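Chemist: Starting off with a structure, shown below.
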Amino acid sequence: MDSINNDISIKRIGLWRFKLFAEQYIPCSINEVFNFYSEAKNLNLITPPFLDFNILSQSPSFISESTIFQYRLKIHGIPVRWRSLIKEWSPPNKFVDIQLRGPFIKWHHVHLFSSLGDKTKITDKVEYIVPGGALINNLFVKRDLLNIFNYRKKALNKFFS
């Protein structure tokens, strides 16, 4: 295992391919948690300010399978546009988003939600391919993703506490 940080790990699975795994428990029902994720504006609440993240557009206006998002963010101060597609939408248990255009060669993010009585387990599984492979991942991407997912974890805990 390349890195573990508060139930967040990143493993190398090829020369340029990596898998991120993150897991956390929220003291709310699965429907409450999934409803939070169903509102695109809430992505701003769980994204660190250093990314200067903005949703530029969403089509259609409600999230469903085939919804396309366009974002603008900054990575190390460099403006980046990101276009993603909701490839699968299965409320309240799962959704999958993929990058259509952005900083990665591949970004495939599976969001899983499991009901555990009065709690919900949130699991993120991201498979990504980085331009520049392991070198760029080790210099920048891995640290950035750990920071982003740790921020997300803290923000979700704060929001649902």
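Chain labels follow the order of the structure tokens: the first chain is A, the next B, and so on; residue numbering restarts at 1 in every chain, and ligands are counted from 1 in their shown order.
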What lies within 8 Å of Thr120 (chain A) using only C-alpha atoms, ignoring chain neighbours under 2 positions off, as a list in words?
Modeler: Tyr25, Ile26, Pro27, Cys28, Ser29, Ile30, Val33, Phe113, Ser114, Ser115, Leu116, Gly117, Asp118 and Ile122 of chain A
Chemist: Residues of region 82-102 of chain A that have any atom at most 7 Å from an atom of region 53-71 of chain A: could you tabulate them with the shortest-distance atom pair and the distance in Å to one decimal, using only C-alpha atoms, ordered by chain and increasing number, as a Markdown table?
Modeler:
```
| residue | atom | partner | partner_atom | distance |
| --- | --- | --- | --- | --- |
| A:Trp82 | CA | A:Tyr71 | CA | 5.1 |
| A:Arg83 | CA | A:Gln70 | CA | 4.5 |
| A:Ser84 | CA | A:Phe69 | CA | 5.2 |
| A:Leu85 | CA | A:Ile68 | CA | 4.5 |
| A:Ile86 | CA | A:Ser66 | CA | 5.2 |
| A:Lys87 | CA | A:Glu65 | CA | 5.6 |
| A:Glu88 | CA | A:Glu65 | CA | 5.2 |
| A:Trp89 | CA | A:Glu65 | CA | 5.0 |
```
Chemist: What parts of chain A does DSSP call strand (DSSP E or B)? I'd like the answer as a PyMOL selection string.
Modeler: chain A and resi 3-4+8-12+17-26+54-59+68-75+78-90+94-101+106-116+119-129
Chemist: Using DSSP on the backbone coordinates, identify the residues of chain A assigned to helix (DSSP H, G or I); present them as a ChimeraX atom specification.
Modeler: /A:30-37,40-46,49-51,133-159
Chemist: What's around Leu146 (chain A) at 9 Å? Count only C-alpha atoms, leave out sequence neighbours fewer than 2 positions away in its own chain, and write the answer as a count of residues only.
Modeler: 15
Chemist: Hey, which of A:Glu39, A:Lys153, A:Ile75, A:Phe104 ends up closest to Glu23 (chain A)? Count only C-alpha atoms.
Modeler: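 Checking each candidate against Glu23 (chain A), we get A:Lys153 as the closest.
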Chemist: Report, in Å to a single decimal, how far apart CA of Val126 (chain A) and CA of Asn35 (chain A) are.
Modeler: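 That distance, rounded to one decimal, is 21.1 Å.
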Chemist: Tell me which of A:Pro91, A:Ile98, A:Leu51, A:Lys119 sits closest to Gln24 (chain A), counting only C-alpha atoms.
Modeler: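 The closest residue to Gln24 (chain A) is A:Lys119.
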